[in-house]
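Novice: If you scroll down you'll find the structure; I have some questions about it.
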Amino acid sequence: MASHADELREQVRTRYAASAKAVTDRDQEGGCGSGGCCGGGTGADFGEALYAADQRQELPDAAVLASLGCGNPTAVAELNAGETVLDLGSGGGIDVILSARRVGPTGTAYGVDMTDEMLALAQANARQAGATNVHFLKGLIEQIPLPAESVDVVISNCVINLSIDKAAVLTEIARVLRPGGRIGISDVVAEDRLAPEQRAERGSHVGCIAGALSRGEYRSGLEAAGFEGISVQFTHRVADGMHGAVVKAVKTAAPSATGLPVVQPATGAGCC
Ligand SMILES: C[S@@+](CC[C@H](N)C(=O)[O-])C[C@H]1O[C@@H](n2cnc3c(N)ncnc32)[C@H](O)[C@@H]1O
C-alpha cells in the first residue's frame, strides 16, 4: 500500500505532468487549475513575471510559458564560464537554458526532474534554444543521479518545498557539490512564527505553500548538511507570513562540518 508520502509525491508528479502537457498543447487553462501549480500559473508572484524582459526574449516561448518558479535563481547565483551547474526540479528548462548560456561552451548545465512530460518539454525547449551544453536527467532530488563532488553550483526554483524529504535533498546537494561549491535557490519560505498546520491553511502542497520550510528550518537544515555563509532573504509576499525567498550558502571546504566529531586539542596544550 502506498504511504502518505508516496501519494503526495504522486500528486505532485501528476499535477506538473498536466502543467507540462498544457504548455505543450498551448492550452494554459487546462494545466494548473486554480491554485494547483505554484501560483496557479497566474499572477506576478510566480512564473515568467520574475524574469527580466531581456532574459525572456532570448528563450523559446514554451520555456517561458512553462516557468512555474517563485524567483529567478539565475539572477542570484554567481555563475562563471566553464562551471558545472545543476538545477533541481528543472521543469520546462528555463533556468537550465539560462545557466547554460552563463557557463558557456566549456561549462555544463544539468537539470533533474522526476516528471517525464516536463523532461520532454525541457529537451524540446533546449533544442529550440540551440543549447548544446545541457543535460536533462530523470530522477528524484532526494537521490540526485550525479556523482559526488561533480557540481560547482546548485540552483532550484520553487521545488524544495514540494519534496517529501527535505533533509535528504539538502544532504544530496552537499554530496554532489565540490568543496566550496555554492547554492542559489528560490523557494517559498515561511516566517518562523507559522507552525506547519498554519502553512497548510494558506495553500496546498502541490501549490508550493503547505510544504514550505520556515526560515529557521532552512538555516538549521543547511547547517546540518555542512553549509556555511547561509542567508535566507525574503523577496516578495505570497501569502500571510509566507514569502518568495532567495537561499544562498556555501559548502564548507572543512571536513569538520560533515557532522563527524572533531577532536579538540587537550586543555592547557597551549591553545588560545
Ligand atoms: C513548481 S515546478 C518548478 C519548475 C521549474 N523549476 C521552474 O521554475 O519553472 C516543480 C518541478 O519540480 C519537479 N519535482 C517536484 N518534486 C520533485 C522531486 N522530488 N524530484 C524531482 N523533481 C521534482 C516537478 O516535476 C516540476 O517539474
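Following the order of the C-alpha cells, chains are lettered A, B, ..., residues in each are numbered from 1, and ligands are numbered from 1.
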If you take only C-alpha atoms and a cut-off of 12 Å, which residues of range 146-177 of chain A touch range 6-16 of chain A, and what are their nearest atom pairs and distances in Å to one decimal, in chain and number order, as a tab-separated table?

Specialist:
```
residue	atom	partner	partner_atom	distance
A:Val159	CA	A:Val12	CA	10.2
A:Ile160	CA	A:Val12	CA	11.9
A:Asn161	CA	A:Val12	CA	11.1
A:Leu162	CA	A:Val12	CA	7.4
A:Ser163	CA	A:Arg9	CA	7.5
A:Ile164	CA	A:Arg9	CA	6.9
A:Asp165	CA	A:Arg9	CA	10.2
```

Novice: Take the residues just selected and output them with N, CA and C atoms as an mmCIF file, in the first residue's frame.

Specialist:
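Result file is result-v1.cif:
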```cif
data_model
loop_
_atom_site.group_PDB
_atom_site.id
_atom_site.type_symbol
_atom_site.label_atom_id
_atom_site.label_comp_id
_atom_site.auth_asym_id
_atom_site.auth_seq_id
_atom_site.Cartn_x
_atom_site.Cartn_y
_atom_site.Cartn_z
ATOM 1 N N VAL A 159 10.954 24.287 -5.814
ATOM 2 C CA VAL A 159 10.834 22.833 -5.872
ATOM 3 C C VAL A 159 11.050 22.184 -4.500
ATOM 4 N N ILE A 160 11.978 22.709 -3.721
ATOM 5 C CA ILE A 160 12.316 22.033 -2.459
ATOM 6 C C ILE A 160 11.096 22.002 -1.536
ATOM 7 N N ASN A 161 10.239 23.019 -1.614
ATOM 8 C CA ASN A 161 9.013 22.980 -0.801
ATOM 9 C C ASN A 161 8.127 21.792 -1.165
ATOM 10 N N LEU A 162 8.267 21.260 -2.382
ATOM 11 C CA LEU A 162 7.427 20.145 -2.823
ATOM 12 C C LEU A 162 7.965 18.795 -2.354
ATOM 13 N N SER A 163 9.205 18.767 -1.876
ATOM 14 C CA SER A 163 9.828 17.490 -1.520
ATOM 15 C C SER A 163 9.190 16.906 -0.264
ATOM 16 N N ILE A 164 9.119 15.581 -0.265
ATOM 17 C CA ILE A 164 8.588 14.897 0.928
ATOM 18 C C ILE A 164 9.711 14.570 1.914
ATOM 19 N N ASP A 165 10.969 14.844 1.549
ATOM 20 C CA ASP A 165 12.095 14.572 2.460
ATOM 21 C C ASP A 165 13.168 15.647 2.231
#
```

Novice: Which protein, DNA or RNA residues have an atom within 7 Å of ligand 1, counting only C-alpha atoms and all ligand atoms, as a compact mmCIF listing (two decimals) with C-alpha atoms, in the first residue's frame?

Specialist:
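Listing of part25.txt after writing:
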```
# COMPACT_ATOMS: atom_id res chain seq x y z
CA ARG A 9 4.80 12.77 -4.46
CA VAL A 12 2.99 16.47 -7.41
CA ARG A 13 4.07 14.40 -10.41
CA TYR A 16 3.21 19.01 -13.08
CA ALA A 17 2.75 16.47 -15.86
CA CYS A 37 0.62 24.68 -9.57
CA CYS A 38 2.97 27.10 -7.91
CA GLY A 47 6.41 32.21 -13.09
CA ALA A 66 6.34 26.67 -18.55
CA SER A 67 8.01 28.79 -15.90
CA LEU A 68 6.43 27.88 -12.57
CA GLY A 69 9.07 29.19 -10.20
CA CYS A 70 8.86 31.67 -7.36
CA LEU A 88 16.87 20.66 -9.11
CA GLY A 89 13.32 20.22 -10.41
CA SER A 90 14.16 21.78 -13.76
CA GLY A 91 10.59 21.76 -15.12
CA GLY A 92 10.39 23.23 -18.63
CA GLY A 93 14.10 24.02 -18.54
CA ILE A 94 14.11 27.82 -18.29
CA ASP A 95 16.83 28.05 -15.62
CA VAL A 112 16.99 16.87 -12.79
CA ASP A 113 13.25 16.27 -12.76
CA MET A 114 11.02 13.30 -11.93
CA THR A 115 8.24 14.09 -14.42
CA MET A 118 8.49 18.07 -18.05
CA GLY A 139 15.49 11.42 -11.15
CA LEU A 140 14.49 12.49 -7.68
CA ILE A 141 16.05 15.45 -5.97
CA GLU A 142 16.22 13.24 -2.85
CA SER A 156 16.49 25.38 -7.84
CA ASN A 157 13.29 27.30 -8.36
CA CYS A 158 10.27 26.57 -6.19
CA VAL A 159 10.83 22.83 -5.87
CA LEU A 162 7.43 20.14 -2.82
CA SER A 163 9.83 17.49 -1.52
CA ILE A 164 8.59 14.90 0.93
CA CYS A 208 4.04 25.21 -3.24
```

Novice: Could you go through range 36-93 of chain A and tell me which residues DSSP, when run on the backbone, assigns to strand (DSSP E or B), listing them as a list in words?

Specialist: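 Output for range 36-93 of chain A, strand (DSSP E or B) only: Thr84, Val85, Leu86, Asp87 and Leu88 of chain A.
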
Novice: Rounded to one decimal in Å, what is the spacing between CA of Ala62 in chain A and CA of Val246 in chain A?

Specialist: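 Spanning CA of Ala62 in chain A to CA of Val246 in chain A is a straight-line distance of 24.9 Å.
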
Novice: Which is closer to Leu222 in chain A than all the others in A:Gln128, A:Thr252, A:Gln198, A:Thr74, using only C-alpha atoms?

Specialist: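 Nearest candidate to Leu222 in chain A out of A:Gln128, A:Thr252, A:Gln198, A:Thr74: A:Thr252.
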
Novice: Might you pull out every residue within 10 Å of His236 in chain A, with only C-alpha atoms counted and same-chain residues fewer than 2 positions away left off, and present them as a list in words?

Specialist: Ala44, Asp45, Cys70, Gly71, Val188, Gln233, Phe234, Val238, Ala239, Met242, His243, Gly244, Ala245 and Val246 of chain A

Novice: Go ahead and write the residues just picked, N, CA and C atoms, as an mmCIF file, in the first residue's frame.

Specialist:
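File produced: result-v5.cif:
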```cif
data_model
loop_
_atom_site.group_PDB
_atom_site.id
_atom_site.type_symbol
_atom_site.label_atom_id
_atom_site.label_comp_id
_atom_site.auth_asym_id
_atom_site.auth_seq_id
_atom_site.Cartn_x
_atom_site.Cartn_y
_atom_site.Cartn_z
ATOM 1 N N ALA A 44 1.861 37.820 -10.554
ATOM 2 C CA ALA A 44 3.234 38.307 -10.657
ATOM 3 C C ALA A 44 4.154 37.660 -9.625
ATOM 4 N N ASP A 45 3.600 36.833 -8.708
ATOM 5 C CA ASP A 45 4.421 36.255 -7.650
ATOM 6 C C ASP A 45 5.130 34.985 -8.093
ATOM 7 N N CYS A 70 9.237 30.568 -8.237
ATOM 8 C CA CYS A 70 8.859 31.668 -7.356
ATOM 9 C C CYS A 70 10.011 32.658 -7.228
ATOM 10 N N GLY A 71 10.916 32.638 -8.201
ATOM 11 C CA GLY A 71 12.046 33.555 -8.185
ATOM 12 C C GLY A 71 12.807 33.382 -9.479
ATOM 13 N N VAL A 188 9.602 29.015 -1.751
ATOM 14 C CA VAL A 188 8.658 29.632 -0.823
ATOM 15 C C VAL A 188 9.121 29.288 0.585
ATOM 16 N N GLN A 233 16.746 35.147 2.361
ATOM 17 C CA GLN A 233 16.243 36.521 2.237
ATOM 18 C C GLN A 233 14.858 36.519 1.597
ATOM 19 N N PHE A 234 13.891 37.089 2.290
ATOM 20 C CA PHE A 234 12.547 37.193 1.711
ATOM 21 C C PHE A 234 12.570 38.236 0.587
ATOM 22 N N VAL A 238 3.896 35.920 -0.677
ATOM 23 C CA VAL A 238 2.989 35.090 -1.489
ATOM 24 C C VAL A 238 1.726 34.720 -0.718
ATOM 25 N N ALA A 239 1.758 34.848 0.601
ATOM 26 C CA ALA A 239 0.577 34.624 1.452
ATOM 27 C C ALA A 239 0.920 35.213 2.810
ATOM 28 N N MET A 242 4.136 34.171 4.474
ATOM 29 C CA MET A 242 4.875 33.296 3.559
ATOM 30 C C MET A 242 5.414 34.130 2.402
ATOM 31 N N HIS A 243 6.630 33.799 1.977
ATOM 32 C CA HIS A 243 7.338 34.671 1.037
ATOM 33 C C HIS A 243 8.084 33.867 -0.023
ATOM 34 N N GLY A 244 8.220 34.477 -1.212
ATOM 35 C CA GLY A 244 9.250 34.019 -2.122
ATOM 36 C C GLY A 244 10.570 34.416 -1.485
ATOM 37 N N ALA A 245 11.572 33.545 -1.561
ATOM 38 C CA ALA A 245 12.833 33.837 -0.871
ATOM 39 C C ALA A 245 14.008 33.343 -1.697
ATOM 40 N N VAL A 246 15.148 33.978 -1.428
ATOM 41 C CA VAL A 246 16.412 33.568 -2.047
ATOM 42 C C VAL A 246 17.270 32.942 -0.950
#
```

Novice: For Asn80 in chain A, which residue among A:Lys248, A:Arg202, A:Arg182, A:Lys138 is the nearest when counting only C-alpha atoms?

Specialist: A:Arg182

Novice: Quick one: distance from CA of Ser99 in chain A to CA of Val85 in chain A in Å, one decimal?

Specialist: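 For CA of Ser99 in chain A relative to CA of Val85 in chain A, the distance reads 7.2 Å.
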
Novice: Near Gln143 in chain A, within 8 Å and counting only C-alpha atoms, which residues show up once chain neighbours fewer than 6 positions away are dropped, as a PyMOL selection string?

Specialist: chain A and resi 168-169+172

Novice: Save the residues we just selected, N, CA, C and O atoms, as a PDB file, in the first residue's frame?

Specialist:
```pdb
ATOM      1  N   ALA A 168      16.861  14.955   3.128  1.00  0.00           N
ATOM      2  CA  ALA A 168      17.569  14.167   2.105  1.00  0.00           C
ATOM      3  C   ALA A 168      18.003  15.062   0.947  1.00  0.00           C
ATOM      4  O   ALA A 168      19.106  14.904   0.407  1.00  0.00           O
ATOM      5  N   VAL A 169      17.169  16.023   0.573  1.00  0.00           N
ATOM      6  CA  VAL A 169      17.532  16.931  -0.523  1.00  0.00           C
ATOM      7  C   VAL A 169      18.780  17.735  -0.153  1.00  0.00           C
ATOM      8  O   VAL A 169      19.735  17.833  -0.941  1.00  0.00           O
ATOM      9  N   GLU A 172      21.829  15.581  -0.175  1.00  0.00           N
ATOM     10  CA  GLU A 172      22.222  15.267  -1.547  1.00  0.00           C
ATOM     11  C   GLU A 172      22.896  16.463  -2.233  1.00  0.00           C
ATOM     12  O   GLU A 172      23.852  16.297  -2.999  1.00  0.00           O
TER      13      GLU A 172
END
```

Novice: Mind pulling up the distance from CA of Lys21 in chain A to CA of Ser186 in chain A?

Specialist: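 It comes out at 23.9 Å.
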
Novice: Between A:Ala52, A:Val23, A:Ala126, A:Val247, which is the closest to Thr235 in chain A once you count only C-alpha atoms?

Specialist: A:Val247
